[in-house]
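Colleague: Supplied structure: run_16.pdb, PDB, C-alpha atoms, pLDDT in the B column.
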```
MODEL        1
ATOM      1  CA  MET Y   7     148.443 187.776  12.634  1.00 49.00           C
ATOM      2  CA  GLY Y   8     151.669 188.871  10.890  1.00 50.00           C
ATOM      3  CA  GLN Y   9     152.799 185.301  10.589  1.00 52.00           C
ATOM      4  CA  LYS Y  10     149.477 184.265   9.123  1.00 51.00           C
ATOM      5  CA  ARG Y  11     149.738 187.087   6.622  1.00 54.00           C
ATOM      6  CA  ALA Y  12     153.228 185.934   5.728  1.00 51.00           C
ATOM      7  CA  LYS Y  13     152.080 182.437   4.746  1.00 52.00           C
ATOM      8  CA  PRO Y  14     150.409 183.518   1.497  1.00 52.00           C
ATOM      9  CA  LYS Y  15     153.639 185.246   0.545  1.00 51.00           C
ATOM     10  CA  ALA Y  16     155.595 182.091   1.186  1.00 48.00           C
ATOM     11  CA  LYS Y  17     153.011 180.172  -0.735  1.00 49.00           C
ATOM     12  CA  GLY Y  18     153.338 182.616  -3.574  1.00 48.00           C
ATOM     13  CA  GLN Y  19     157.047 182.204  -3.468  1.00 49.00           C
ATOM     14  CA  ASN Y  20     156.668 178.420  -3.670  1.00 49.00           C
ATOM     15  CA  VAL Y  21     154.404 178.789  -6.683  1.00 46.00           C
ATOM     16  CA  SER Y  22     156.962 181.015  -8.280  1.00 47.00           C
ATOM     17  CA  LYS Y  23     159.677 178.490  -7.620  1.00 50.00           C
ATOM     18  CA  SER Y  24     157.553 175.639  -8.998  1.00 51.00           C
ATOM     19  CA  ARG Y  25     157.149 177.264 -12.390  1.00 55.00           C
ATOM     20  CA  PRO Y  26     158.900 175.224 -15.079  1.00 54.00           C
ATOM     21  CA  GLN Y  27     162.181 176.794 -15.921  1.00 56.00           C
ATOM     22  CA  PRO Y  28     163.576 176.712 -19.427  1.00 52.00           C
ATOM     23  CA  SER Y  29     165.531 173.544 -19.788  1.00 51.00           C
ATOM     24  CA  LYS Y  30     167.426 171.797 -22.518  1.00 51.00           C
ATOM     25  CA  ALA Y  31     164.370 169.635 -23.153  1.00 49.00           C
ATOM     26  CA  HIS Y  32     162.151 172.667 -23.757  1.00 51.00           C
ATOM     27  CA  ALA Y  33     164.703 174.880 -25.433  1.00 50.00           C
ATOM     28  CA  PRO Y  34     164.251 175.392 -29.180  1.00 52.00           C
ATOM     29  CA  ALA Y  35     166.077 172.662 -31.081  1.00 52.00           C
ATOM     30  CA  LYS Y  36     169.099 173.806 -32.940  1.00 54.00           C
ATOM     31  CA  ALA Y  37     168.716 173.712 -36.703  1.00 52.00           C
ATOM     32  CA  ALA Y  38     170.190 170.518 -38.082  1.00 52.00           C
ATOM     33  CA  ALA Y  39     173.134 170.897 -40.367  1.00 48.00           C
ATOM     34  CA  PRO Y  40     171.856 170.995 -43.964  1.00 48.00           C
ATOM     35  CA  VAL Y  41     172.195 167.705 -45.786  1.00 41.00           C
ATOM     36  CA  PRO Y  42     174.000 168.178 -49.084  1.00 42.00           C
ATOM     37  CA  VAL Y  43     171.416 167.922 -51.866  1.00 39.00           C
ATOM     38  CA  LYS Y  44     172.443 165.938 -54.883  1.00 52.00           C
ATOM     39  CA  LYS Y  45     172.386 168.219 -57.890  1.00 50.00           C
ATOM     40  CA  ALA Y  46     169.909 167.225 -60.557  1.00 60.00           C
ATOM     41  CA  ALA Y  47     171.611 165.581 -63.488  1.00 69.00           C
ATOM     42  CA  HIS Y  48     171.328 167.458 -66.761  1.00 82.00           C
ATOM     43  CA  SER Y  49     172.813 164.872 -69.098  1.00 81.00           C
ATOM     44  CA  ARG Y  50     173.228 161.128 -69.266  1.00 85.00           C
ATOM     45  CA  GLN Y  51     174.213 158.699 -72.039  1.00 85.00           C
ATOM     46  CA  GLY Y  52     174.662 161.640 -74.422  1.00 91.00           C
ATOM     47  CA  PHE Y  53     171.105 162.956 -73.838  1.00 95.00           C
ATOM     48  CA  ARG Y  54     170.298 166.269 -72.124  1.00 94.00           C
ATOM     49  CA  THR Y  55     167.249 167.608 -70.328  1.00 94.00           C
ATOM     50  CA  HIS Y  56     164.842 169.638 -72.511  1.00 94.00           C
ATOM     51  CA  GLU Y  57     166.213 167.872 -75.575  1.00 95.00           C
ATOM     52  CA  HIS Y  58     163.834 166.332 -78.121  1.00 96.00           C
ATOM     53  CA  ILE Y  59     164.466 162.658 -78.767  1.00 97.00           C
ATOM     54  CA  VAL Y  60     162.847 159.794 -80.673  1.00 97.00           C
ATOM     55  CA  TYR Y  61     161.512 156.779 -78.786  1.00 96.00           C
ATOM     56  CA  PRO Y  62     160.761 154.009 -81.336  1.00 94.00           C
ATOM     57  CA  ALA Y  63     157.315 153.003 -80.104  1.00 92.00           C
ATOM     58  CA  HIS Y  64     156.034 156.550 -79.536  1.00 94.00           C
ATOM     59  CA  GLY Y  65     157.950 158.903 -81.808  1.00 95.00           C
ATOM     60  CA  VAL Y  66     159.216 162.356 -80.829  1.00 96.00           C
ATOM     61  CA  GLY Y  67     159.235 163.273 -77.145  1.00 96.00           C
ATOM     62  CA  GLN Y  68     161.084 165.701 -74.892  1.00 97.00           C
ATOM     63  CA  ILE Y  69     163.272 164.863 -71.892  1.00 97.00           C
ATOM     64  CA  VAL Y  70     161.813 167.069 -69.143  1.00 96.00           C
ATOM     65  CA  ARG Y  71     164.148 165.886 -66.373  1.00 95.00           C
ATOM     66  CA  ILE Y  72     166.411 163.123 -65.126  1.00 95.00           C
ATOM     67  CA  GLU Y  73     165.267 161.753 -61.777  1.00 94.00           C
ATOM     68  CA  GLU Y  74     166.368 159.128 -59.293  1.00 92.00           C
ATOM     69  CA  GLN Y  75     163.995 156.594 -57.769  1.00 90.00           C
ATOM     70  CA  GLU Y  76     164.536 153.818 -55.258  1.00 87.00           C
ATOM     71  CA  ILE Y  77     163.001 150.528 -56.336  1.00 81.00           C
ATOM     72  CA  ALA Y  78     163.364 147.418 -54.166  1.00 83.00           C
ATOM     73  CA  GLY Y  79     166.245 149.058 -52.331  1.00 84.00           C
ATOM     74  CA  ASN Y  80     168.103 149.901 -55.520  1.00 86.00           C
ATOM     75  CA  LYS Y  81     168.556 153.417 -56.837  1.00 90.00           C
ATOM     76  CA  LEU Y  82     167.517 153.824 -60.437  1.00 91.00           C
ATOM     77  CA  GLU Y  83     168.166 156.843 -62.632  1.00 94.00           C
ATOM     78  CA  LEU Y  84     165.441 157.613 -65.142  1.00 95.00           C
ATOM     79  CA  PHE Y  85     164.814 159.837 -68.132  1.00 96.00           C
ATOM     80  CA  VAL Y  86     161.373 161.420 -67.748  1.00 96.00           C
ATOM     81  CA  ILE Y  87     160.083 161.900 -71.295  1.00 97.00           C
ATOM     82  CA  SER Y  88     156.982 163.894 -72.155  1.00 97.00           C
ATOM     83  CA  PHE Y  89     154.903 163.250 -75.269  1.00 95.00           C
ATOM     84  CA  ALA Y  90     152.786 166.390 -75.064  1.00 88.00           C
ATOM     85  CA  LYS Y  91     150.559 165.699 -78.058  1.00 86.00           C
ATOM     86  CA  ASP Y  92     149.657 162.255 -76.706  1.00 88.00           C
ATOM     87  CA  LYS Y  93     149.399 163.592 -73.121  1.00 91.00           C
ATOM     88  CA  MET Y  94     151.735 160.833 -71.992  1.00 95.00           C
ATOM     89  CA  THR Y  95     154.843 160.656 -69.795  1.00 96.00           C
ATOM     90  CA  LEU Y  96     157.338 157.825 -70.081  1.00 95.00           C
ATOM     91  CA  ARG Y  97     160.150 156.906 -67.685  1.00 95.00           C
ATOM     92  CA  VAL Y  98     163.140 155.129 -69.197  1.00 95.00           C
ATOM     93  CA  PRO Y  99     166.163 153.907 -67.193  1.00 94.00           C
ATOM     94  CA  THR Y 100     169.150 155.922 -68.389  1.00 94.00           C
ATOM     95  CA  SER Y 101     171.187 152.730 -68.661  1.00 93.00           C
ATOM     96  CA  LYS Y 102     168.631 151.211 -71.061  1.00 94.00           C
ATOM     97  CA  ALA Y 103     168.297 154.154 -73.453  1.00 94.00           C
ATOM     98  CA  ALA Y 104     170.475 152.602 -76.138  1.00 91.00           C
ATOM     99  CA  SER Y 105     169.025 149.087 -75.858  1.00 93.00           C
ATOM    100  CA  VAL Y 106     165.431 150.318 -76.309  1.00 94.00           C
ATOM    101  CA  GLY Y 107     166.440 152.258 -79.427  1.00 94.00           C
ATOM    102  CA  MET Y 108     166.040 155.771 -78.032  1.00 96.00           C
ATOM    103  CA  ARG Y 109     167.910 158.197 -80.285  1.00 96.00           C
ATOM    104  CA  LYS Y 110     168.562 161.833 -80.999  1.00 96.00           C
ATOM    105  CA  LEU Y 111     166.638 163.639 -83.726  1.00 97.00           C
ATOM    106  CA  ALA Y 112     167.765 162.818 -87.245  1.00 96.00           C
ATOM    107  CA  GLY Y 113     170.584 164.865 -88.709  1.00 95.00           C
ATOM    108  CA  PRO Y 114     170.287 166.931 -91.918  1.00 94.00           C
ATOM    109  CA  ASP Y 115     171.588 164.109 -94.121  1.00 96.00           C
ATOM    110  CA  ILE Y 116     169.003 161.612 -92.827  1.00 97.00           C
ATOM    111  CA  VAL Y 117     166.214 164.176 -93.169  1.00 97.00           C
ATOM    112  CA  LYS Y 118     167.236 164.849 -96.780  1.00 96.00           C
ATOM    113  CA  LYS Y 119     167.376 161.131 -97.572  1.00 97.00           C
ATOM    114  CA  SER Y 120     163.923 160.581 -96.056  1.00 97.00           C
ATOM    115  CA  LEU Y 121     162.443 163.414 -98.126  1.00 97.00           C
ATOM    116  CA  ASP Y 122     164.099 162.013-101.251  1.00 96.00           C
ATOM    117  CA  THR Y 123     162.592 158.619-100.400  1.00 97.00           C
ATOM    118  CA  LEU Y 124     159.138 160.178-100.704  1.00 96.00           C
ATOM    119  CA  LYS Y 125     159.873 161.034-104.339  1.00 95.00           C
ATOM    120  CA  GLY Y 126     160.584 157.433-105.267  1.00 94.00           C
ATOM    121  CA  ARG Y 127     158.258 154.892-106.810  1.00 91.00           C
ATOM    122  CA  ALA Y 128     155.993 153.073-104.378  1.00 89.00           C
ATOM    123  CA  ARG Y 129     157.023 149.485-103.727  1.00 87.00           C
ATOM    124  CA  VAL Y 130     154.176 147.200-102.776  1.00 82.00           C
ATOM    125  CA  LYS Y 131     154.867 143.490-102.527  1.00 81.00           C
ATOM    126  CA  ARG Y 132     152.452 141.046-104.066  1.00 84.00           C
ATOM    127  CA  THR Y 133     151.591 139.465-100.718  1.00 86.00           C
ATOM    128  CA  MET Y 134     148.555 139.292 -98.464  1.00 92.00           C
ATOM    129  CA  TRP Y 135     147.590 142.596 -96.870  1.00 91.00           C
ATOM    130  CA  SER Y 136     147.893 141.189 -93.335  1.00 92.00           C
ATOM    131  CA  ARG Y 137     151.549 140.409 -93.915  1.00 94.00           C
ATOM    132  CA  ARG Y 138     152.263 143.782 -95.509  1.00 94.00           C
ATOM    133  CA  ALA Y 139     150.463 145.525 -92.648  1.00 95.00           C
ATOM    134  CA  GLN Y 140     152.778 143.820 -90.150  1.00 96.00           C
ATOM    135  CA  GLU Y 141     155.807 144.932 -92.136  1.00 96.00           C
ATOM    136  CA  TYR Y 142     154.549 148.511 -92.297  1.00 97.00           C
ATOM    137  CA  GLU Y 143     153.854 148.545 -88.570  1.00 97.00           C
ATOM    138  CA  ALA Y 144     157.330 147.180 -87.828  1.00 97.00           C
ATOM    139  CA  LYS Y 145     158.863 149.969 -89.916  1.00 97.00           C
ATOM    140  CA  ILE Y 146     156.823 152.624 -88.118  1.00 97.00           C
ATOM    141  CA  ASN Y 147     157.817 151.311 -84.686  1.00 95.00           C
ATOM    142  CA  SER Y 148     161.472 150.961 -85.673  1.00 95.00           C
ATOM    143  CA  GLY Y 149     161.913 154.690 -85.142  1.00 93.00           C
ATOM    144  CA  ASN Y 150     164.011 154.834 -88.329  1.00 96.00           C
ATOM    145  CA  LEU Y 151     163.002 157.975 -90.237  1.00 97.00           C
ATOM    146  CA  ILE Y 152     163.861 156.542 -93.649  1.00 97.00           C
ATOM    147  CA  SER Y 153     161.840 153.372 -92.985  1.00 97.00           C
ATOM    148  CA  ILE Y 154     158.915 155.521 -91.874  1.00 98.00           C
ATOM    149  CA  ALA Y 155     159.245 157.587 -95.066  1.00 98.00           C
ATOM    150  CA  GLU Y 156     158.996 154.344 -97.075  1.00 97.00           C
ATOM    151  CA  VAL Y 157     155.645 153.568 -95.427  1.00 97.00           C
ATOM    152  CA  VAL Y 158     154.386 157.086 -96.184  1.00 97.00           C
ATOM    153  CA  ARG Y 159     155.506 156.721 -99.811  1.00 96.00           C
ATOM    154  CA  ASP Y 160     154.031 153.245-100.305  1.00 95.00           C
ATOM    155  CA  LEU Y 161     150.638 154.050 -98.758  1.00 94.00           C
ATOM    156  CA  PHE Y 162     150.190 157.549-100.171  1.00 94.00           C
ATOM    157  CA  ARG Y 163     147.263 157.980-102.547  1.00 88.00           C
ATOM    158  CA  SER Y 164     146.829 160.930-104.877  1.00 79.00           C
ATOM    159  CA  GLU Y 165     143.375 162.234-105.798  1.00 75.00           C
ATOM    160  CA  SER Y 166     143.461 160.280-109.052  1.00 73.00           C
ATOM    161  CA  GLN Y 167     143.952 156.969-107.245  1.00 74.00           C
ATOM    162  CA  PRO Y 168     141.468 154.685-105.491  1.00 77.00           C
ATOM    163  CA  GLU Y 169     140.768 155.447-101.843  1.00 80.00           C
ATOM    164  CA  GLN Y 170     142.587 153.507 -99.168  1.00 83.00           C
ATOM    165  CA  SER Y 171     140.974 150.904 -96.988  1.00 89.00           C
ATOM    166  CA  TYR Y 172     140.439 151.801 -93.329  1.00 91.00           C
ATOM    167  CA  SER Y 173     143.472 149.798 -92.157  1.00 94.00           C
ATOM    168  CA  GLU Y 174     145.688 151.284 -94.881  1.00 94.00           C
ATOM    169  CA  ARG Y 175     144.582 154.769 -93.895  1.00 95.00           C
ATOM    170  CA  GLN Y 176     145.378 154.118 -90.242  1.00 96.00           C
ATOM    171  CA  LEU Y 177     148.915 152.967 -91.003  1.00 97.00           C
ATOM    172  CA  TYR Y 178     149.479 155.814 -93.445  1.00 97.00           C
ATOM    173  CA  GLU Y 179     148.387 158.414 -90.892  1.00 96.00           C
ATOM    174  CA  ALA Y 180     150.512 156.821 -88.143  1.00 96.00           C
ATOM    175  CA  ALA Y 181     153.619 156.936 -90.362  1.00 97.00           C
ATOM    176  CA  LEU Y 182     152.835 160.444 -91.597  1.00 97.00           C
ATOM    177  CA  ASP Y 183     152.349 161.699 -88.031  1.00 97.00           C
ATOM    178  CA  ARG Y 184     155.725 160.288 -86.945  1.00 96.00           C
ATOM    179  CA  MET Y 185     157.468 161.905 -89.892  1.00 97.00           C
ATOM    180  CA  VAL Y 186     155.699 165.240 -89.461  1.00 97.00           C
ATOM    181  CA  ARG Y 187     156.631 165.469 -85.779  1.00 97.00           C
ATOM    182  CA  GLU Y 188     160.304 164.721 -86.347  1.00 97.00           C
ATOM    183  CA  LEU Y 189     160.630 167.052 -89.319  1.00 97.00           C
ATOM    184  CA  SER Y 190     158.896 169.775 -87.292  1.00 96.00           C
ATOM    185  CA  ALA Y 191     161.298 169.303 -84.357  1.00 96.00           C
ATOM    186  CA  VAL Y 192     164.437 169.077 -86.511  1.00 96.00           C
ATOM    187  CA  GLU Y 193     163.711 172.126 -88.660  1.00 95.00           C
ATOM    188  CA  ASP Y 194     161.924 174.086 -85.912  1.00 95.00           C
ATOM    189  CA  ILE Y 195     158.816 174.623 -88.008  1.00 96.00           C
ATOM    190  CA  THR Y 196     155.126 174.018 -87.320  1.00 96.00           C
ATOM    191  CA  GLU Y 197     153.630 170.602 -87.947  1.00 96.00           C
ATOM    192  CA  THR Y 198     151.433 172.160 -90.644  1.00 97.00           C
ATOM    193  CA  GLU Y 199     154.523 173.405 -92.470  1.00 97.00           C
ATOM    194  CA  ALA Y 200     156.199 170.012 -92.066  1.00 97.00           C
ATOM    195  CA  ALA Y 201     153.134 168.237 -93.487  1.00 97.00           C
ATOM    196  CA  LYS Y 202     153.131 170.539 -96.537  1.00 97.00           C
ATOM    197  CA  GLN Y 203     156.821 169.858 -97.132  1.00 96.00           C
ATOM    198  CA  ILE Y 204     156.179 166.109 -97.041  1.00 97.00           C
ATOM    199  CA  GLU Y 205     153.203 166.374 -99.408  1.00 95.00           C
ATOM    200  CA  THR Y 206     155.234 168.493-101.836  1.00 95.00           C
ATOM    201  CA  ASN Y 207     157.898 165.792-102.031  1.00 96.00           C
ATOM    202  CA  LEU Y 208     155.310 163.033-102.438  1.00 94.00           C
ATOM    203  CA  LEU Y 209     153.787 164.844-105.403  1.00 91.00           C
ATOM    204  CA  LYS Y 210     157.191 165.081-107.085  1.00 90.00           C
ATOM    205  CA  GLY Y 211     157.415 161.317-107.384  1.00 82.00           C
ATOM    206  CA  PRO Y 212     156.016 159.129-110.193  1.00 81.00           C
ATOM    207  CA  ARG Y 213     152.335 158.862-109.499  1.00 64.00           C
ATOM    208  CA  ARG Y 214     150.621 155.514-109.580  1.00 51.00           C
ATOM    209  CA  THR Y 215     147.644 155.590-111.906  1.00 46.00           C
ATOM    210  CA  PRO Y 216     145.003 152.852-112.044  1.00 43.00           C
ATOM    211  CA  LYS Y 217     145.551 150.369-114.853  1.00 43.00           C
ATOM    212  CA  SER Y 218     142.879 148.494-116.695  1.00 39.00           C
ATOM    213  CA  GLY Y 219     141.780 145.525-114.596  1.00 38.00           C
ATOM    214  CA  ASP Y 220     143.918 146.631-111.659  1.00 40.00           C
ATOM    215  CA  GLU Y 221     141.724 147.981-108.878  1.00 39.00           C
ATOM    216  CA  SER Y 222     144.557 148.893-106.549  1.00 42.00           C
ATOM    217  CA  GLY Y 223     146.664 150.701-109.110  1.00 40.00           C
ATOM    218  CA  ASP Y 224     149.778 149.793-107.128  1.00 42.00           C
ATOM    219  CA  GLU Y 225     153.175 149.271-108.653  1.00 41.00           C
ATOM    220  CA  GLN Y 226     153.753 145.788-107.322  1.00 41.00           C
ATOM    221  CA  GLU Y 227     156.851 143.737-106.811  1.00 40.00           C
ATOM    222  CA  ALA Y 228     157.200 140.030-106.461  1.00 35.00           C
ATOM    223  CA  ALA Y 229     157.607 139.015-102.839  1.00 34.00           C
TER
ENDMDL
END
```
Now, as a test, write the supplied structure out as structure tokens.

Modeller:
Amino acid sequence: MGQKRAKPKAKGQNVSKSRPQPSKAHAPAKAAAPVPVKKAAHSRQGFRTHEHIVYPAHGVGQIVRIEEQEIAGNKLELFVISFAKDKMTLRVPTSKAASVGMRKLAGPDIVKKSLDTLKGRARVKRTMWSRRAQEYEAKINSGNLISIAEVVRDLFRSESQPEQSYSERQLYEAALDRMVRELSAVEDITETEAAKQIETNLLKGPRRTPKSGDESGDEQEAA
């Protein structure tokens, strides 16, 4: 009887022995040594993060960060540029910044020259509108503030002048918007204040008044 009673104990002992013991396989893995994280770049090609820049085709934007992406096995460093007003983000390879015409905001001397340009006499070539429109568009997309000011000056119409055509108005507003945004960023003023400053300078220039038999009232130059 005692031996029979002893069997359960032995059985219990076997069960106890069969329990899985902590082993290397089941032991908590040691934390891997931290991999050095590459510090985010804050400047490249003379441009810094959070800096406002001018991208020719889109105007004033802000560099929000510089990131690295792997494309087709190659690492590529990119400026991530935000155009908040247009709700658009653009990625530009840092190595291509100069070749695409990306530049810093205009300096005080360029800003002054662009505002003085607005005071000058409008120059409208005696050519077909389609050709002039292409020239105006090229100036706007050049990113050159003085060239943009020339478009604003040439297409501006005072209250005493005939209204613009739809296409003229579109180009005028595109040029004006580019100039307003850059002036606002450079002088750290609101876009409303920048627009008023531009209008003030436009009104200081010689105004084009309609002449007899001249519907456009433009001061024209020979092409």

Colleague: Using only C-alpha atoms, which of the listed residues (Y:Arg50, Y:Lys118, Y:Arg132, Y:Lys81) sits closest to Thr100 of chain Y?

Modeller: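 Closest to Thr100 of chain Y of all the choices is Y:Arg50.
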
Colleague: Go through Y:Gln176, Y:Ser105, Y:Asn147, Y:Gln51 one by one, measure the shortest atom-to-atom distance of each to Leu161 of chain Y using only C-alpha atoms, and give the residue with the smallest value.

Modeller: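 Ranking Y:Gln176, Y:Ser105, Y:Asn147, Y:Gln51 by distance to Leu161 of chain Y, first place goes to Y:Gln176.
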
Colleague: Just give me the gap between atom CA of Glu156 of chain Y and atom CA of Val186 of chain Y in Å, one decimal is fine.

Modeller: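 Between atom CA of Glu156 of chain Y and atom CA of Val186 of chain Y the gap is 13.7 Å.
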
Colleague: One decimal, Å: what's the distance from atom CA of Glu197 of chain Y over to atom CA of Gln170 of chain Y, could you say?

Modeller: 23.2 Å

Colleague: Name the closest residue to Ala63 of chain Y among the candidates Y:Arg175, Y:Arg127, Y:Arg159, Y:Arg184; distances are taken between atoms, counting all atoms listed in the file.

Modeller: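 Smallest distance to Ala63 of chain Y is found for Y:Arg184.
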
Colleague: Would you please work out which residue, of Y:Lys145, Y:His48, Y:Lys202, Y:Arg138, is nearest to Ser173 of chain Y when using all atoms listed in the file?

Modeller: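 Looking only at the distances to Ser173 of chain Y, the closest residue turns out to be Y:Arg138.
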
Colleague: Please indicate the distance in Å from atom CA of Arg163 of chain Y to atom CA of Asn150 of chain Y, rounded to one decimal place.

Modeller: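 Taking atom CA of Arg163 of chain Y and atom CA of Asn150 of chain Y, their separation equals 22.2 Å.
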
Colleague: Taking into account all atoms listed in the file, which residue in the set Y:Glu83, Y:Asp92, Y:Asp160, Y:Glu73 is nearest to Ala128 of chain Y?

Modeller: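 Looking at the shortest contact to Ala128 of chain Y, the residue is Y:Asp160.
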
Colleague: Counting all atoms listed in the file, which residue out of Y:Val192, Y:Pro62, Y:Val98, Y:Met185 sits closest to Leu124 of chain Y?

Modeller: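 Looking at the shortest contact to Leu124 of chain Y, the residue is Y:Met185.
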
Colleague: Spell out the residues picked by the PyMOL selection byres ((chain Y and resi 211) around 6) here, as a list in words.

Modeller: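 That selection, the PyMOL selection byres ((chain Y and resi 211) around 6), comes back as Lys125, Gly126, Leu208, Leu209, Lys210 and Pro212 of chain Y.
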
Colleague: Give me the result of the PyMOL selection byres ((chain Y and resi 65) around 8) on this file, residue by residue, as an MDAnalysis selection string.

Modeller: chainID Y and resid 60:64 66:67 149 184 187:188
